[in-house]
$ cat entry-v6.txt   # compact mmCIF, C-alpha atoms
# COMPACT_ATOMS: atom_id res chain seq x y z
CA LYS A 8 -28.65 -13.70 55.41
CA LEU A 9 -26.80 -12.28 52.46
CA PHE A 10 -25.20 -9.45 54.43
CA PRO A 11 -23.71 -9.75 57.93
CA GLY A 12 -25.02 -7.80 60.89
CA THR A 13 -28.38 -7.06 62.46
CA GLY A 14 -31.20 -4.70 61.56
CA GLN A 15 -31.13 -5.63 57.87
CA LYS A 16 -34.67 -4.41 57.22
CA GLN A 17 -33.89 -1.01 58.74
CA ARG A 18 -30.60 -0.70 56.80
CA PHE A 19 -32.36 -1.73 53.58
CA CYS A 20 -35.11 0.88 54.12
CA GLN A 21 -32.56 3.62 54.86
CA LEU A 22 -30.62 2.78 51.70
CA GLN A 23 -33.85 2.67 49.70
CA GLN A 24 -34.85 6.11 50.99
CA ARG A 25 -31.43 7.57 50.13
CA ILE A 26 -31.82 6.28 46.57
CA ILE A 27 -35.36 7.63 46.27
CA ILE A 28 -34.37 11.03 47.68
CA GLY A 29 -31.44 11.07 45.27
CA LYS A 30 -33.96 10.70 42.44
CA GLY A 31 -35.64 13.92 43.56
CA MET A 32 -38.88 12.52 45.02
CA ASN A 33 -40.65 14.53 47.70
CA GLN A 34 -40.83 13.07 51.20
CA ALA A 35 -44.62 12.88 50.97
CA ASP A 36 -44.27 10.66 47.88
CA TRP A 37 -41.84 8.15 49.36
CA GLU A 38 -43.00 7.92 52.97
CA GLY A 39 -45.34 5.05 52.13
CA ILE A 40 -42.66 3.11 50.28
CA GLY A 41 -40.82 0.49 52.32
CA SER A 42 -39.52 -3.03 52.15
CA HIS A 43 -43.15 -4.23 52.09
CA SER A 44 -43.60 -2.49 48.72
CA PHE A 45 -41.39 -5.08 47.03
CA ARG A 46 -43.33 -7.95 48.57
CA LYS A 47 -46.72 -6.49 47.67
CA GLY A 48 -45.57 -5.62 44.17
CA SER A 49 -44.09 -9.06 43.65
CA ILE A 50 -47.23 -10.82 44.81
CA THR A 51 -49.43 -8.68 42.61
CA TYR A 52 -47.18 -9.40 39.63
CA LEU A 53 -47.13 -13.16 40.25
CA LEU A 54 -50.88 -13.47 40.83
CA GLY A 55 -51.70 -11.44 37.72
CA MET A 56 -49.55 -13.52 35.39
CA PRO A 57 -51.48 -15.83 33.01
CA GLY A 58 -50.05 -19.33 33.39
CA GLY A 59 -48.10 -18.22 36.44
CA PRO A 60 -47.83 -19.90 39.82
CA CYS A 61 -50.87 -20.78 41.92
CA ALA A 62 -51.89 -18.50 44.78
CA ILE A 63 -50.70 -20.95 47.46
CA SER A 64 -47.16 -20.94 45.99
CA VAL A 65 -47.16 -17.14 45.92
CA TYR A 66 -48.36 -16.83 49.52
CA LEU A 67 -45.77 -19.33 50.72
CA ARG A 68 -43.05 -17.45 48.80
CA ALA A 69 -44.13 -14.24 50.54
CA ALA A 70 -44.17 -16.04 53.93
CA TRP A 71 -47.80 -15.10 54.41
CA SER A 72 -49.90 -17.16 56.78
CA LEU A 73 -52.64 -19.26 55.22
CA GLY A 74 -54.50 -19.77 58.49
CA THR A 75 -53.89 -22.44 61.11
CA THR A 76 -55.39 -25.37 59.23
CA GLN A 77 -53.83 -24.43 55.91
CA ASP A 78 -50.45 -23.75 57.55
CA ARG A 79 -50.45 -27.33 58.87
CA CYS A 80 -51.86 -29.02 55.78
CA ILE A 81 -50.56 -27.04 52.83
CA THR A 82 -46.85 -26.89 52.21
CA GLY A 83 -44.83 -25.86 49.21
CA GLY A 84 -44.28 -28.54 46.61
CA GLU A 85 -40.89 -29.10 45.07
CA GLY A 86 -40.08 -26.38 42.60
CA ASN A 87 -42.91 -23.93 43.40
CA ASP A 88 -40.64 -21.49 45.21
CA ASN A 89 -38.07 -21.78 42.41
CA PHE A 90 -40.82 -21.13 39.86
CA CYS A 91 -41.89 -17.93 41.63
CA GLY A 92 -38.28 -16.84 42.10
CA ARG A 93 -37.39 -17.28 38.44
CA ILE A 94 -40.37 -15.19 37.37
CA LEU A 95 -39.48 -12.44 39.87
CA ALA A 96 -35.87 -12.51 38.65
CA GLY A 97 -37.18 -11.37 35.28
CA ASN A 98 -37.04 -14.66 33.39
CA ASN A 99 -39.64 -14.83 30.64
CA LEU A 100 -42.01 -17.72 31.29
CA LYS A 101 -42.62 -18.13 27.56
CA LYS A 102 -38.97 -18.51 26.56
CA GLU A 103 -36.94 -21.70 26.44
CA SER A 104 -34.31 -20.02 28.60
CA PHE A 105 -36.79 -19.68 31.51
CA ASP A 106 -35.33 -22.65 33.39
CA LEU A 107 -31.72 -22.14 32.31
CA PHE A 108 -29.16 -22.27 35.10
CA THR A 109 -26.55 -19.57 35.35
CA PRO A 110 -23.16 -20.79 34.10
CA HIS A 111 -21.53 -22.77 36.90
CA PHE A 112 -18.58 -25.08 37.45
CA THR A 113 -18.65 -28.85 37.55
CA LYS A 114 -17.94 -30.40 40.94
CA ALA A 115 -14.51 -31.49 39.69
CA ALA A 116 -13.64 -27.92 38.65
CA LEU A 117 -14.81 -26.54 42.00
CA THR A 118 -12.55 -29.00 43.79
CA LYS A 119 -9.59 -27.88 41.64
CA LEU A 120 -10.37 -24.21 42.27
CA GLN A 121 -10.64 -24.75 46.01
CA GLN A 122 -7.26 -26.49 45.99
CA THR A 123 -5.71 -23.61 44.03
CA GLY A 124 -7.49 -21.07 46.24
CA PHE A 125 -9.82 -18.32 45.12
CA HIS A 126 -7.40 -15.76 46.57
CA CYS A 127 -5.24 -16.38 43.45
CA PHE A 128 -8.02 -14.97 41.29
CA ILE A 129 -9.58 -12.26 43.45
CA ASP A 130 -7.72 -9.58 45.43
CA GLY A 131 -8.85 -9.44 49.04
CA TYR A 132 -10.74 -12.74 48.87
CA GLU A 133 -9.78 -13.69 52.43
CA SER A 134 -11.32 -10.49 53.81
CA PHE A 135 -14.76 -11.13 52.25
CA PRO A 136 -17.61 -12.34 54.48
CA ASP A 137 -18.39 -16.04 54.08
CA SER A 138 -21.78 -15.17 52.60
CA PHE A 139 -20.05 -13.32 49.75
CA LYS A 140 -17.33 -15.95 49.30
CA ARG A 141 -20.07 -18.42 48.34
CA CYS A 142 -20.91 -16.20 45.36
CA ILE A 143 -17.35 -16.07 43.98
CA PRO A 144 -17.46 -19.42 42.11
CA VAL A 145 -20.62 -18.31 40.29
CA PHE A 146 -19.08 -14.93 39.40
CA LEU A 147 -15.91 -16.62 38.18
CA ALA A 148 -17.85 -19.17 36.09
CA ASN A 149 -19.83 -16.35 34.46
CA ILE A 150 -16.66 -14.41 33.63
CA LEU A 151 -15.09 -17.49 32.04
CA TYR A 152 -18.29 -18.36 30.18
CA HIS A 153 -18.23 -14.88 28.64
CA LEU A 154 -14.44 -14.74 28.19
CA ASP A 155 -14.59 -14.63 24.37
CA THR A 156 -17.07 -11.74 24.54
CA LEU A 157 -14.80 -9.86 26.95
CA LYS A 158 -11.91 -10.33 24.52
CA ARG A 159 -14.00 -8.79 21.75
CA TRP A 160 -15.12 -5.87 23.91
CA PHE A 161 -11.83 -4.93 25.53
CA PRO A 162 -8.53 -4.42 23.69
CA ALA A 163 -5.44 -6.35 24.81
CA ARG A 164 -3.99 -3.30 26.61
CA HIS A 165 -7.16 -2.59 28.62
CA CYS A 166 -6.72 -2.44 32.40
CA LEU A 167 -9.21 -5.31 32.80
CA TRP A 168 -6.57 -7.77 31.64
CA GLY A 169 -4.28 -6.69 34.51
CA ALA A 170 -6.75 -7.99 37.12
CA PRO A 171 -5.44 -10.90 39.24
CA LEU A 172 -7.81 -13.33 37.51
CA PHE A 173 -6.12 -12.72 34.16
CA VAL A 174 -2.51 -12.85 35.40
CA ALA A 175 -2.77 -15.55 38.08
CA PHE A 176 -0.60 -18.06 36.20
CA GLY A 177 1.74 -15.67 34.41
CA SER A 178 2.00 -15.98 30.62
CA ASP A 179 0.09 -19.29 30.76
CA THR A 180 -2.98 -17.70 32.38
CA MET A 181 -5.23 -17.41 29.32
CA GLN A 182 -4.62 -21.04 28.36
CA GLN A 183 -5.38 -22.15 31.92
CA LEU A 184 -8.57 -20.06 31.94
CA GLN A 185 -9.64 -21.50 28.57
CA ASP A 186 -9.11 -25.01 30.00
CA LEU A 187 -11.10 -24.06 33.09
CA LYS A 188 -13.84 -22.63 30.86
CA LYS A 189 -14.41 -26.16 29.52
CA GLU A 190 -15.56 -27.04 33.05
CA VAL A 191 -18.30 -24.37 33.04
CA ILE A 192 -21.69 -25.90 32.35
CA LEU A 193 -25.15 -24.69 31.38
CA CYS A 194 -28.25 -26.80 31.77
CA HIS A 195 -32.02 -26.56 31.83
CA GLY A 196 -34.22 -27.44 34.78
CA HIS A 197 -31.92 -29.87 36.57
CA CYS A 198 -28.13 -30.18 36.74
CA GLU A 199 -27.02 -33.80 36.91
CA ASP A 200 -23.55 -32.75 38.09
CA CYS A 201 -24.47 -30.55 41.06
CA ARG A 202 -27.96 -32.04 41.59
CA MET A 203 -29.63 -28.62 41.77
CA SER A 204 -33.00 -27.92 40.22
CA CYS A 205 -34.41 -24.60 39.08
$ encode --input "entry-v6.txt" --output "structure tokens"
Amino acid sequence: KLFPGTGQKQRFCQLQQRIIIGKGMNQADWEGIGSHSFRKGSITYLLGMPGGPCAISVYLRAAWSLGTTQDRCITGGEGNDNFCGRILAGNNLKKESFDLFTPHFTKAALTKLQQTGFHCFIDGYESFPDSFKRCIPVFLANILYHLDTLKRWFPARHCLWGAPLFVAFGSDTMQQLQDLKKEVILCHGHCEDCRMSC
């Protein structure tokens, strides 16, 4: 579960309806839209894609039953779920970047960061749910990967540079972050350092 608590489907549907109502749709138009709409739309998109995943992979991704015999004999092969997920995330199947990992830290850098403590970089870190804390290293790696772009976009006196991440080590912070940025890696398909595949 990404978010703590129970009744996630109901909370998701209520939030979805608030957004739809906020867009000015009539109740009659949105009553048939629910969490199932995303699943049905995703399946339709995947099955209609030339060169896309096979139907079995799509059904398994959607957690649809294949029948008793098929459920016992047909299981997802390595990478099929990832393949479907990357397409649904908006990655273009025809581009080289399709199987590109998000920027992430090496294992050595993660160990260093855990020893330093993420609370040095992010206000309120200790109060975050564990499910969100697991996302912080990825967010931090992405910020550092794009650090030069942020410097171009935001002037030196911008409030962004006052965030804990950018003042954590005093006047030496930017140098420390640039050193840490060297530990952010990008790779295609499989990461030898973290052993993940996409």
$ atom_distance --input "entry-v6.txt" --atom1 "CA of Ile192 (chain A)" --atom2 "CA of Asn149 (chain A)"
10.0 Å
$ residues_around --input "entry-v6.txt" --residues "region 175-182 of chain A" --least-positions-apart "3" --cutoff "12 Å" --atoms "only C-alpha atoms" --output "ChimeraX atom specification"
/A:123-130,151,154-155,158,163,168-172,185-189
$ closest_residue --input "entry-v6.txt" --among "A:Gln23, A:Thr13, A:Thr113, A:Thr51" --to "Cys198 (chain A)" --atoms "all atoms listed in the file"
A:Thr113
$ atom_distance --input "entry-v6.txt" --atom1 "CA of Met56 (chain A)" --atom2 "CA of Phe19 (chain A)"
27.7 Å
$ atom_distance --input "entry-v6.txt" --atom1 "CA of His111 (chain A)" --atom2 "CA of Ser204 (chain A)"
13.0 Å
$ residues_around --input "entry-v6.txt" --residues "Cys142 (chain A)" --least-positions-apart "3" --cutoff "12 Å" --atoms "all atoms listed in the file" --output "list of chain:residue names"
A:Leu9, A:Thr109, A:His111, A:Phe125, A:Tyr132, A:Phe135, A:Pro136, A:Asp137, A:Ser138, A:Phe139, A:Val145, A:Phe146, A:Leu147, A:Ala148, A:Asn149
$ closest_residue --input "entry-v6.txt" --among "A:Trp160, A:Leu100, A:Gly31, A:Arg18" --to "Pro57 (chain A)" --atoms "only C-alpha atoms"
A:Leu100
$ closest_residue --input "entry-v6.txt" --among "A:Ser64, A:Ser72, A:Gln183, A:Thr118" --to "Ile50 (chain A)" --atoms "only C-alpha atoms"
A:Ser64
$ closest_residue --input "entry-v6.txt" --among "A:Arg93, A:Lys102, A:Arg159, A:His195" --to "Pro60 (chain A)" --atoms "all atoms listed in the file"
A:Arg93
$ closest_residue --input "entry-v6.txt" --among "A:Leu107, A:Cys91, A:Leu184, A:Leu167" --to "Cys61 (chain A)" --atoms "only C-alpha atoms"
A:Cys91
$ build_atoms --input "entry-v6.txt" --residues "region 117-134 of chain A" --atoms "N, CA and C atoms" --output "PDB file, in the coordinates of the input"
ATOM      1  N   LEU A 117     -14.744 -27.229  40.697  1.00  0.00           N
ATOM      2  CA  LEU A 117     -14.810 -26.540  42.000  1.00  0.00           C
ATOM      3  C   LEU A 117     -13.757 -27.076  42.947  1.00  0.00           C
ATOM      4  N   THR A 118     -13.575 -28.389  42.935  1.00  0.00           N
ATOM      5  CA  THR A 118     -12.550 -29.000  43.790  1.00  0.00           C
ATOM      6  C   THR A 118     -11.173 -28.474  43.421  1.00  0.00           C
ATOM      7  N   LYS A 119     -10.885 -28.413  42.106  1.00  0.00           N
ATOM      8  CA  LYS A 119      -9.590 -27.880  41.640  1.00  0.00           C
ATOM      9  C   LYS A 119      -9.402 -26.430  42.070  1.00  0.00           C
ATOM     10  N   LEU A 120     -10.453 -25.632  41.903  1.00  0.00           N
ATOM     11  CA  LEU A 120     -10.370 -24.210  42.270  1.00  0.00           C
ATOM     12  C   LEU A 120     -10.148 -24.030  43.768  1.00  0.00           C
ATOM     13  N   GLN A 121     -10.813 -24.863  44.561  1.00  0.00           N
ATOM     14  CA  GLN A 121     -10.640 -24.750  46.010  1.00  0.00           C
ATOM     15  C   GLN A 121      -9.218 -25.140  46.413  1.00  0.00           C
ATOM     16  N   GLN A 122      -8.639 -26.109  45.702  1.00  0.00           N
ATOM     17  CA  GLN A 122      -7.260 -26.490  45.990  1.00  0.00           C
ATOM     18  C   GLN A 122      -6.294 -25.383  45.601  1.00  0.00           C
ATOM     19  N   THR A 123      -6.547 -24.733  44.465  1.00  0.00           N
ATOM     20  CA  THR A 123      -5.710 -23.610  44.030  1.00  0.00           C
ATOM     21  C   THR A 123      -5.893 -22.436  44.976  1.00  0.00           C
ATOM     22  N   GLY A 124      -7.149 -22.183  45.351  1.00  0.00           N
ATOM     23  CA  GLY A 124      -7.490 -21.070  46.240  1.00  0.00           C
ATOM     24  C   GLY A 124      -8.019 -19.885  45.454  1.00  0.00           C
ATOM     25  N   PHE A 125      -9.191 -19.436  45.830  1.00  0.00           N
ATOM     26  CA  PHE A 125      -9.820 -18.320  45.120  1.00  0.00           C
ATOM     27  C   PHE A 125      -9.051 -17.017  45.299  1.00  0.00           C
ATOM     28  N   HIS A 126      -8.205 -16.972  46.341  1.00  0.00           N
ATOM     29  CA  HIS A 126      -7.400 -15.760  46.570  1.00  0.00           C
ATOM     30  C   HIS A 126      -6.435 -15.514  45.411  1.00  0.00           C
ATOM     31  N   CYS A 127      -6.114 -16.554  44.623  1.00  0.00           N
ATOM     32  CA  CYS A 127      -5.240 -16.380  43.450  1.00  0.00           C
ATOM     33  C   CYS A 127      -5.933 -15.573  42.353  1.00  0.00           C
ATOM     34  N   PHE A 128      -7.254 -15.609  42.348  1.00  0.00           N
ATOM     35  CA  PHE A 128      -8.020 -14.970  41.290  1.00  0.00           C
ATOM     36  C   PHE A 128      -8.604 -13.612  41.685  1.00  0.00           C
ATOM     37  N   ILE A 129      -8.850 -13.435  42.979  1.00  0.00           N
ATOM     38  CA  ILE A 129      -9.580 -12.260  43.450  1.00  0.00           C
ATOM     39  C   ILE A 129      -8.786 -11.593  44.575  1.00  0.00           C
ATOM     40  N   ASP A 130      -8.401 -10.335  44.366  1.00  0.00           N
ATOM     41  CA  ASP A 130      -7.720  -9.580  45.430  1.00  0.00           C
ATOM     42  C   ASP A 130      -8.635  -9.430  46.626  1.00  0.00           C
ATOM     43  N   GLY A 131      -8.095  -9.647  47.813  1.00  0.00           N
ATOM     44  CA  GLY A 131      -8.850  -9.440  49.040  1.00  0.00           C
ATOM     45  C   GLY A 131      -9.841 -10.526  49.366  1.00  0.00           C
ATOM     46  N   TYR A 132      -9.765 -11.658  48.670  1.00  0.00           N
ATOM     47  CA  TYR A 132     -10.740 -12.740  48.870  1.00  0.00           C
ATOM     48  C   TYR A 132     -10.879 -13.126  50.344  1.00  0.00           C
ATOM     49  N   GLU A 133      -9.753 -13.232  51.033  1.00  0.00           N
ATOM     50  CA  GLU A 133      -9.780 -13.690  52.430  1.00  0.00           C
ATOM     51  C   GLU A 133     -10.539 -12.734  53.346  1.00  0.00           C
ATOM     52  N   SER A 134     -10.644 -11.463  52.953  1.00  0.00           N
ATOM     53  CA  SER A 134     -11.320 -10.490  53.810  1.00  0.00           C
ATOM     54  C   SER A 134     -12.833 -10.444  53.570  1.00  0.00           C
TER      55      SER A 134
END
